[in-house]
Amino acid sequence: MESLLSVLSNYQTNGRGHLVFHIIVIDDGSTDGSSKWISENYPDIIILKGDGNLWWSGAMNEGTRYAINTLKSDFVLLWNDDIVASDDYFLNLEKLIDKDDLRSKIVGSKIFFHNDQSRLISTGGIFNKFTGKMDMDRRLLKDTENYKETDWLAGMGTLIPASVFQIQNIWWDNEKFPQYYGDADFCLECKKQGIKILLSPKLIIYNKTEYTGLTHGKTLKEFYLSLTSLRSNYNFVNTFSFYSRHGTPFAYFGLVKRYLYYFLVFLLKR
């Protein structure tokens, strides 16, 4: 929280003042007193509460509805509690919004590891509906200036115009993709409606990946959980649903290859 407020403070001091930000925190059933602490220390922050069943996609839907319907926001900027932005993040965001017509475009950020800020996590993602290949879009690894159109963006540091929800009526699918694949599914659905998915190398954030969900694990029980838990990026049901929605029948070969690789990695870790 402090890191976000610090970067926003830098914008308020050095920016043109064209942007007004409201921070919405989704507290989905926490029991550690987070909401009380935020309210006492940052009373201007808006807190929306869930019952513990929103997960990521449901939380994004709740926060976005409030931002658009109540605050009348023109854009929604997705944020995670485990990311830190570069000091000039919002200064660069203001320049992009002032310069370009982003009303029919979704713009994402270049994401690095927080503990090794020279290593990239994401420059946008590609999904080949024929081969089933899903990977980082590597065209922007060295480009520091230009937009690149991509297939999907990570669910952090992503700017979405209100028109996506108001006109195209596209939302996150919290039933099929409550946690993982929600971001990629959302972007691919937007692309089908003619909305451009762009990555800007000028928007830089750092992700604290030590707070990410389940990994392969080293025991058979942990490996099984990685295939079945909603907290895992390797959840087979979610992955199969994603390939079924966005791939051709040939993409299932890529799906099989992917899980054979997961299993091989698990065996090597034991």
# chains A, B, ... in the order shown; residues from 1 in each chain; ligands from 1
$ residues_around --residues "Trp79 in chain A" --least-positions-apart "6" --cutoff "8 Å" --atoms "only C-alpha atoms" --output "ChimeraX atom specification"
/A:155-158
$ residues_around --residues "Tyr11 in chain A" --least-positions-apart "6" --cutoff "9 Å" --atoms "only C-alpha atoms" --output "JSON, numbers by chain"
{"A": [17, 87, 88, 89, 90, 91, 94]}
$ write_last_selection --atoms "N, CA, C and O atoms" --output "PDB file, in the first residue's frame"
ATOM      1  N   GLY A  17      -1.629  16.731 -13.577  1.00  0.00           N
ATOM      2  CA  GLY A  17      -2.892  16.778 -12.844  1.00  0.00           C
ATOM      3  C   GLY A  17      -4.105  16.456 -13.695  1.00  0.00           C
ATOM      4  O   GLY A  17      -5.231  16.775 -13.309  1.00  0.00           O
ATOM      5  N   ASP A  87       8.920   4.594 -10.228  1.00  0.00           N
ATOM      6  CA  ASP A  87       8.572   5.927  -9.715  1.00  0.00           C
ATOM      7  C   ASP A  87       7.829   6.777 -10.745  1.00  0.00           C
ATOM      8  O   ASP A  87       6.992   7.607 -10.387  1.00  0.00           O
ATOM      9  N   ASP A  88       8.133   6.573 -12.022  1.00  0.00           N
ATOM     10  CA  ASP A  88       7.518   7.396 -13.070  1.00  0.00           C
ATOM     11  C   ASP A  88       6.300   6.724 -13.703  1.00  0.00           C
ATOM     12  O   ASP A  88       5.830   7.151 -14.762  1.00  0.00           O
ATOM     13  N   TYR A  89       5.775   5.682 -13.078  1.00  0.00           N
ATOM     14  CA  TYR A  89       4.701   4.893 -13.677  1.00  0.00           C
ATOM     15  C   TYR A  89       3.502   5.762 -14.055  1.00  0.00           C
ATOM     16  O   TYR A  89       3.038   5.748 -15.196  1.00  0.00           O
ATOM     17  N   PHE A  90       2.982   6.522 -13.107  1.00  0.00           N
ATOM     18  CA  PHE A  90       1.761   7.287 -13.366  1.00  0.00           C
ATOM     19  C   PHE A  90       2.040   8.540 -14.198  1.00  0.00           C
ATOM     20  O   PHE A  90       1.142   9.034 -14.875  1.00  0.00           O
ATOM     21  N   LEU A  91       3.276   9.025 -14.179  1.00  0.00           N
ATOM     22  CA  LEU A  91       3.648  10.112 -15.080  1.00  0.00           C
ATOM     23  C   LEU A  91       3.597   9.619 -16.530  1.00  0.00           C
ATOM     24  O   LEU A  91       3.091  10.318 -17.417  1.00  0.00           O
ATOM     25  N   GLU A  94      -0.059   9.022 -17.620  1.00  0.00           N
ATOM     26  CA  GLU A  94      -0.721  10.269 -17.992  1.00  0.00           C
ATOM     27  C   GLU A  94      -0.352  10.673 -19.419  1.00  0.00           C
ATOM     28  O   GLU A  94      -1.214  11.083 -20.204  1.00  0.00           O
TER      29      GLU A  94
END
$ select_by_dssp --residues "range 22-220 of chain A" --states "strand (DSSP E)" --output "ChimeraX atom specification"
/A:24-28,46-50,75-78,83-85,105-113,120-122,125-127,134-136,148-149,158-161,196-207
$ closest_atom_pairs --of "range 50-135 of chain A" --to "range 255-263 of chain A" --cutoff "10 Å" --atoms "only C-alpha atoms" --output "tab-separated table"
residue	atom	partner	partner_atom	distance
A:Thr131	CA	A:Leu255	CA	8.8
A:Gly132	CA	A:Leu255	CA	6.3
A:Lys133	CA	A:Leu255	CA	8.2
A:Met134	CA	A:Arg258	CA	9.4
$ write_last_selection --atoms "C-alpha atoms" --output "PDB file, in the first residue's frame"
ATOM      1  CA  THR A 131      -0.892 -25.418 -31.651  1.00  0.00           C
ATOM      2  CA  GLY A 132      -2.060 -24.593 -28.131  1.00  0.00           C
ATOM      3  CA  LYS A 133       1.191 -22.771 -27.412  1.00  0.00           C
ATOM      4  CA  MET A 134       0.807 -20.248 -24.594  1.00  0.00           C
TER       5      MET A 134
END
$ closest_residue --among "A:Gln12, A:Ala85, A:Ala184, A:Tyr224" --to "Phe236 in chain A" --atoms "only C-alpha atoms"
A:Tyr224
$ closest_residue --among "A:Ser109, A:Glu40, A:Ile204, A:Asp98" --to "His18 in chain A" --atoms "only C-alpha atoms"
A:Asp98
$ select_by_dssp --residues "range 26-263 of chain A" --states "helix (DSSP H, G or I)" --output "ChimeraX atom specification"
/A:34-41,55-70,89-99,138-140,163-166,182-192,209-211,220-228,236-246,251-263
$ closest_residue --among "A:Asn61, A:Asn128, A:Asn174, A:Ser73" --to "Pro249 in chain A" --atoms "only C-alpha atoms"
A:Asn128
$ residues_around --residues "Leu159 in chain A" --least-positions-apart "6" --cutoff "12 Å" --atoms "only C-alpha atoms" --output "PyMOL selection string"
chain A and resi 64+73-79+90+93-94+96-97+102-109+153+187+196-200+203
$ residues_around --residues "Ile170 in chain A" --least-positions-apart "4" --cutoff "10 Å" --atoms "only C-alpha atoms" --output "ChimeraX atom specification"
/A:163-166,186-187,189-190,193
$ write_last_selection --atoms "N, CA and C atoms" --output "mmCIF file, in the first residue's frame"
data_model
loop_
_atom_site.group_PDB
_atom_site.id
_atom_site.type_symbol
_atom_site.label_atom_id
_atom_site.label_comp_id
_atom_site.auth_asym_id
_atom_site.auth_seq_id
_atom_site.Cartn_x
_atom_site.Cartn_y
_atom_site.Cartn_z
ATOM 1 N N SER A 163 -15.629 1.692 -21.577
ATOM 2 C CA SER A 163 -16.479 1.269 -22.699
ATOM 3 C C SER A 163 -16.472 -0.246 -22.896
ATOM 4 N N VAL A 164 -15.392 -0.915 -22.499
ATOM 5 C CA VAL A 164 -15.335 -2.375 -22.621
ATOM 6 C C VAL A 164 -16.477 -3.019 -21.854
ATOM 7 N N PHE A 165 -16.781 -2.450 -20.703
ATOM 8 C CA PHE A 165 -17.833 -3.010 -19.845
ATOM 9 C C PHE A 165 -19.204 -2.418 -20.194
ATOM 10 N N GLN A 166 -19.232 -1.133 -20.517
ATOM 11 C CA GLN A 166 -20.507 -0.464 -20.757
ATOM 12 C C GLN A 166 -21.087 -0.765 -22.137
ATOM 13 N N PHE A 186 -10.243 -12.995 -20.499
ATOM 14 C CA PHE A 186 -10.841 -11.665 -20.668
ATOM 15 C C PHE A 186 -10.265 -10.961 -21.894
ATOM 16 N N CYS A 187 -8.936 -10.989 -22.036
ATOM 17 C CA CYS A 187 -8.299 -10.299 -23.154
ATOM 18 C C CYS A 187 -8.655 -10.939 -24.491
ATOM 19 N N GLU A 189 -11.357 -12.594 -25.207
ATOM 20 C CA GLU A 189 -12.745 -12.246 -25.504
ATOM 21 C C GLU A 189 -12.832 -10.820 -26.038
ATOM 22 N N CYS A 190 -12.021 -9.929 -25.480
ATOM 23 C CA CYS A 190 -11.996 -8.547 -25.972
ATOM 24 C C CYS A 190 -11.488 -8.486 -27.410
ATOM 25 N N GLN A 193 -13.936 -9.038 -30.031
ATOM 26 C CA GLN A 193 -14.829 -7.899 -30.261
ATOM 27 C C GLN A 193 -14.116 -6.716 -30.902
#
$ residues_around --residues "Asp137 in chain A" --least-positions-apart "6" --cutoff "8 Å" --atoms "only C-alpha atoms" --output "compact mmCIF listing (two decimals) with N, CA and C atoms, in the first residue's frame"
# COMPACT_ATOMS: atom_id res chain seq x y z
N SER A 122 6.82 -10.77 -17.74
CA SER A 122 5.83 -10.70 -18.80
C SER A 122 6.01 -9.46 -19.67
N THR A 123 5.90 -9.66 -20.97
CA THR A 123 5.77 -8.56 -21.93
C THR A 123 4.51 -8.81 -22.75
N GLY A 124 3.48 -9.25 -22.08
CA GLY A 124 2.28 -9.68 -22.78
C GLY A 124 2.39 -11.16 -23.11
N GLY A 125 1.29 -11.75 -23.54
CA GLY A 125 1.29 -13.18 -23.81
C GLY A 125 0.70 -13.52 -25.17
N ILE A 126 1.11 -14.67 -25.69
CA ILE A 126 0.55 -15.17 -26.95
C ILE A 126 -0.20 -16.47 -26.68
N THR A 150 -0.62 -7.59 -28.68
CA THR A 150 -0.40 -8.95 -28.20
C THR A 150 -1.74 -9.64 -28.01
$ atom_distance --atom1 "CA of Asn238 in chain A" --atom2 "CA of Leu264 in chain A"
20.4 Å
$ closest_residue --among "A:Ile121, A:Ile26, A:Val84, A:Leu71" --to "Lys49 in chain A" --atoms "only C-alpha atoms"
A:Ile26
$ atom_distance --atom1 "CA of Phe242 in chain A" --atom2 "CA of Lys191 in chain A"
15.0 Å
$ closest_residue --among "A:Glu175, A:Asp100, A:Glu62, A:Glu149" --to "Ile195 in chain A" --atoms "only C-alpha atoms"
A:Glu149
$ closest_residue --among "A:Asp151, A:Glu222, A:Asp173, A:Asp183" --to "Asp135 in chain A" --atoms "only C-alpha atoms"
A:Asp151
$ residues_around --residues "Val237 in chain A" --least-positions-apart "5" --cutoff "12 Å" --atoms "only C-alpha atoms" --output "JSON, numbers by chain"
{"A": [175, 176, 177, 178, 180, 181, 226, 227, 228, 229, 230, 232, 242, 243, 244, 255]}
$ write_last_selection --atoms "all heavy atoms" --output "short mmCIF file (atom, residue, chain, number, x, y, z; two decimals), in the first residue's frame"
data_model
loop_
_atom_site.label_atom_id
_atom_site.label_comp_id
_atom_site.auth_asym_id
_atom_site.auth_seq_id
_atom_site.Cartn_x
_atom_site.Cartn_y
_atom_site.Cartn_z
N GLU A 175 -16.93 -17.82 -13.04
CA GLU A 175 -17.39 -19.20 -12.87
C GLU A 175 -16.38 -20.20 -13.44
O GLU A 175 -15.96 -21.13 -12.76
CB GLU A 175 -18.75 -19.39 -13.54
CG GLU A 175 -19.87 -18.61 -12.84
CD GLU A 175 -21.23 -18.93 -13.43
OE1 GLU A 175 -21.31 -19.81 -14.32
OE2 GLU A 175 -22.21 -18.30 -12.99
N LYS A 176 -15.96 -20.01 -14.68
CA LYS A 176 -15.00 -20.92 -15.29
C LYS A 176 -13.56 -20.61 -14.90
O LYS A 176 -12.72 -21.51 -14.80
CB LYS A 176 -15.13 -20.90 -16.82
CG LYS A 176 -16.35 -21.64 -17.34
CD LYS A 176 -16.31 -21.75 -18.85
CE LYS A 176 -17.47 -22.58 -19.38
NZ LYS A 176 -17.42 -23.98 -18.95
N PHE A 177 -13.25 -19.32 -14.70
CA PHE A 177 -11.88 -18.92 -14.41
C PHE A 177 -11.84 -17.99 -13.19
O PHE A 177 -11.56 -16.80 -13.30
CB PHE A 177 -11.27 -18.21 -15.63
CG PHE A 177 -11.43 -18.98 -16.91
CD1 PHE A 177 -12.34 -18.54 -17.88
CD2 PHE A 177 -10.73 -20.14 -17.13
CE1 PHE A 177 -12.50 -19.25 -19.05
CE2 PHE A 177 -10.89 -20.86 -18.31
CZ PHE A 177 -11.78 -20.42 -19.27
N PRO A 178 -12.16 -18.52 -12.02
CA PRO A 178 -12.23 -17.66 -10.83
C PRO A 178 -10.89 -17.07 -10.42
O PRO A 178 -10.83 -15.96 -9.89
CB PRO A 178 -12.75 -18.61 -9.74
CG PRO A 178 -12.41 -19.98 -10.23
CD PRO A 178 -12.50 -19.92 -11.72
N TYR A 180 -7.00 -18.29 -11.90
CA TYR A 180 -6.07 -18.28 -13.03
C TYR A 180 -6.82 -18.40 -14.36
O TYR A 180 -7.92 -18.93 -14.42
CB TYR A 180 -5.05 -19.40 -12.88
CG TYR A 180 -4.08 -19.14 -11.75
CD1 TYR A 180 -4.25 -19.73 -10.51
CD2 TYR A 180 -3.02 -18.25 -11.93
CE1 TYR A 180 -3.37 -19.47 -9.47
CE2 TYR A 180 -2.14 -17.98 -10.89
CZ TYR A 180 -2.31 -18.59 -9.66
OH TYR A 180 -1.45 -18.32 -8.63
N TYR A 181 -6.19 -17.87 -15.40
CA TYR A 181 -6.71 -17.79 -16.77
C TYR A 181 -7.79 -16.72 -16.91
O TYR A 181 -8.22 -16.42 -18.02
CB TYR A 181 -7.28 -19.12 -17.26
CG TYR A 181 -6.22 -20.17 -17.51
CD1 TYR A 181 -5.98 -21.18 -16.59
CD2 TYR A 181 -5.44 -20.13 -18.68
CE1 TYR A 181 -4.99 -22.13 -16.81
CE2 TYR A 181 -4.46 -21.08 -18.90
CZ TYR A 181 -4.24 -22.07 -17.96
OH TYR A 181 -3.26 -23.01 -18.17
N SER A 226 -1.77 -29.28 -6.99
CA SER A 226 -1.45 -28.30 -8.03
C SER A 226 -2.33 -28.50 -9.27
O SER A 226 -2.54 -27.56 -10.04
CB SER A 226 0.02 -28.40 -8.42
OG SER A 226 0.28 -29.54 -9.23
N LEU A 227 -2.85 -29.71 -9.44
CA LEU A 227 -3.72 -29.99 -10.59
C LEU A 227 -5.20 -29.74 -10.30
O LEU A 227 -6.01 -29.69 -11.23
CB LEU A 227 -3.54 -31.44 -11.04
CG LEU A 227 -2.16 -31.85 -11.53
CD1 LEU A 227 -2.16 -33.32 -11.91
CD2 LEU A 227 -1.71 -31.00 -12.71
N THR A 228 -5.55 -29.59 -9.03
CA THR A 228 -6.97 -29.50 -8.66
C THR A 228 -7.36 -28.23 -7.92
O THR A 228 -8.53 -27.85 -7.90
CB THR A 228 -7.36 -30.71 -7.79
OG1 THR A 228 -6.52 -30.76 -6.62
CG2 THR A 228 -7.21 -32.01 -8.56
N SER A 229 -6.39 -27.55 -7.29
CA SER A 229 -6.71 -26.39 -6.46
C SER A 229 -6.95 -25.15 -7.31
O SER A 229 -6.25 -24.91 -8.32
CB SER A 229 -5.58 -26.11 -5.48
OG SER A 229 -5.80 -24.89 -4.80
N LEU A 230 -7.92 -24.32 -6.91
CA LEU A 230 -8.16 -23.05 -7.59
C LEU A 230 -6.99 -22.09 -7.40
O LEU A 230 -6.85 -21.12 -8.15
CB LEU A 230 -9.44 -22.41 -7.06
CG LEU A 230 -10.75 -23.08 -7.46
CD1 LEU A 230 -11.93 -22.33 -6.84
CD2 LEU A 230 -10.91 -23.15 -8.97
N SER A 232 -3.98 -22.78 -7.95
CA SER A 232 -2.87 -23.24 -8.78
C SER A 232 -3.06 -22.87 -10.24
O SER A 232 -4.14 -23.05 -10.81
CB SER A 232 -2.73 -24.77 -8.66
OG SER A 232 -1.80 -25.26 -9.61
N PHE A 242 -10.14 -23.36 -20.74
CA PHE A 242 -9.53 -22.29 -21.53
C PHE A 242 -9.24 -22.75 -22.95
O PHE A 242 -9.57 -22.06 -23.93
CB PHE A 242 -8.24 -21.82 -20.85
CG PHE A 242 -7.55 -20.70 -21.57
CD1 PHE A 242 -7.93 -19.39 -21.37
CD2 PHE A 242 -6.52 -20.96 -22.45
CE1 PHE A 242 -7.29 -18.35 -22.04
CE2 PHE A 242 -5.87 -19.95 -23.13
CZ PHE A 242 -6.26 -18.63 -22.92
N TYR A 243 -8.64 -23.93 -23.09
CA TYR A 243 -8.32 -24.46 -24.41
C TYR A 243 -9.60 -24.75 -25.20
O TYR A 243 -9.64 -24.57 -26.43
CB TYR A 243 -7.47 -25.72 -24.29
CG TYR A 243 -6.00 -25.44 -24.15
CD1 TYR A 243 -5.48 -24.87 -23.00
CD2 TYR A 243 -5.11 -25.72 -25.18
CE1 TYR A 243 -4.13 -24.60 -22.85
CE2 TYR A 243 -3.75 -25.45 -25.07
CZ TYR A 243 -3.27 -24.90 -23.90
OH TYR A 243 -1.93 -24.63 -23.78
N SER A 244 -10.63 -25.21 -24.51
CA SER A 244 -11.90 -25.51 -25.18
C SER A 244 -12.55 -24.25 -25.73
O SER A 244 -13.14 -24.26 -26.82
CB SER A 244 -12.87 -26.20 -24.21
OG SER A 244 -12.36 -27.43 -23.78
N LEU A 255 -2.07 -28.99 -25.21
CA LEU A 255 -2.48 -29.19 -23.82
C LEU A 255 -1.85 -30.45 -23.24
O LEU A 255 -1.31 -30.44 -22.12
CB LEU A 255 -4.00 -29.28 -23.76
CG LEU A 255 -4.63 -29.55 -22.39
CD1 LEU A 255 -4.38 -28.40 -21.45
CD2 LEU A 255 -6.12 -29.80 -22.54
#
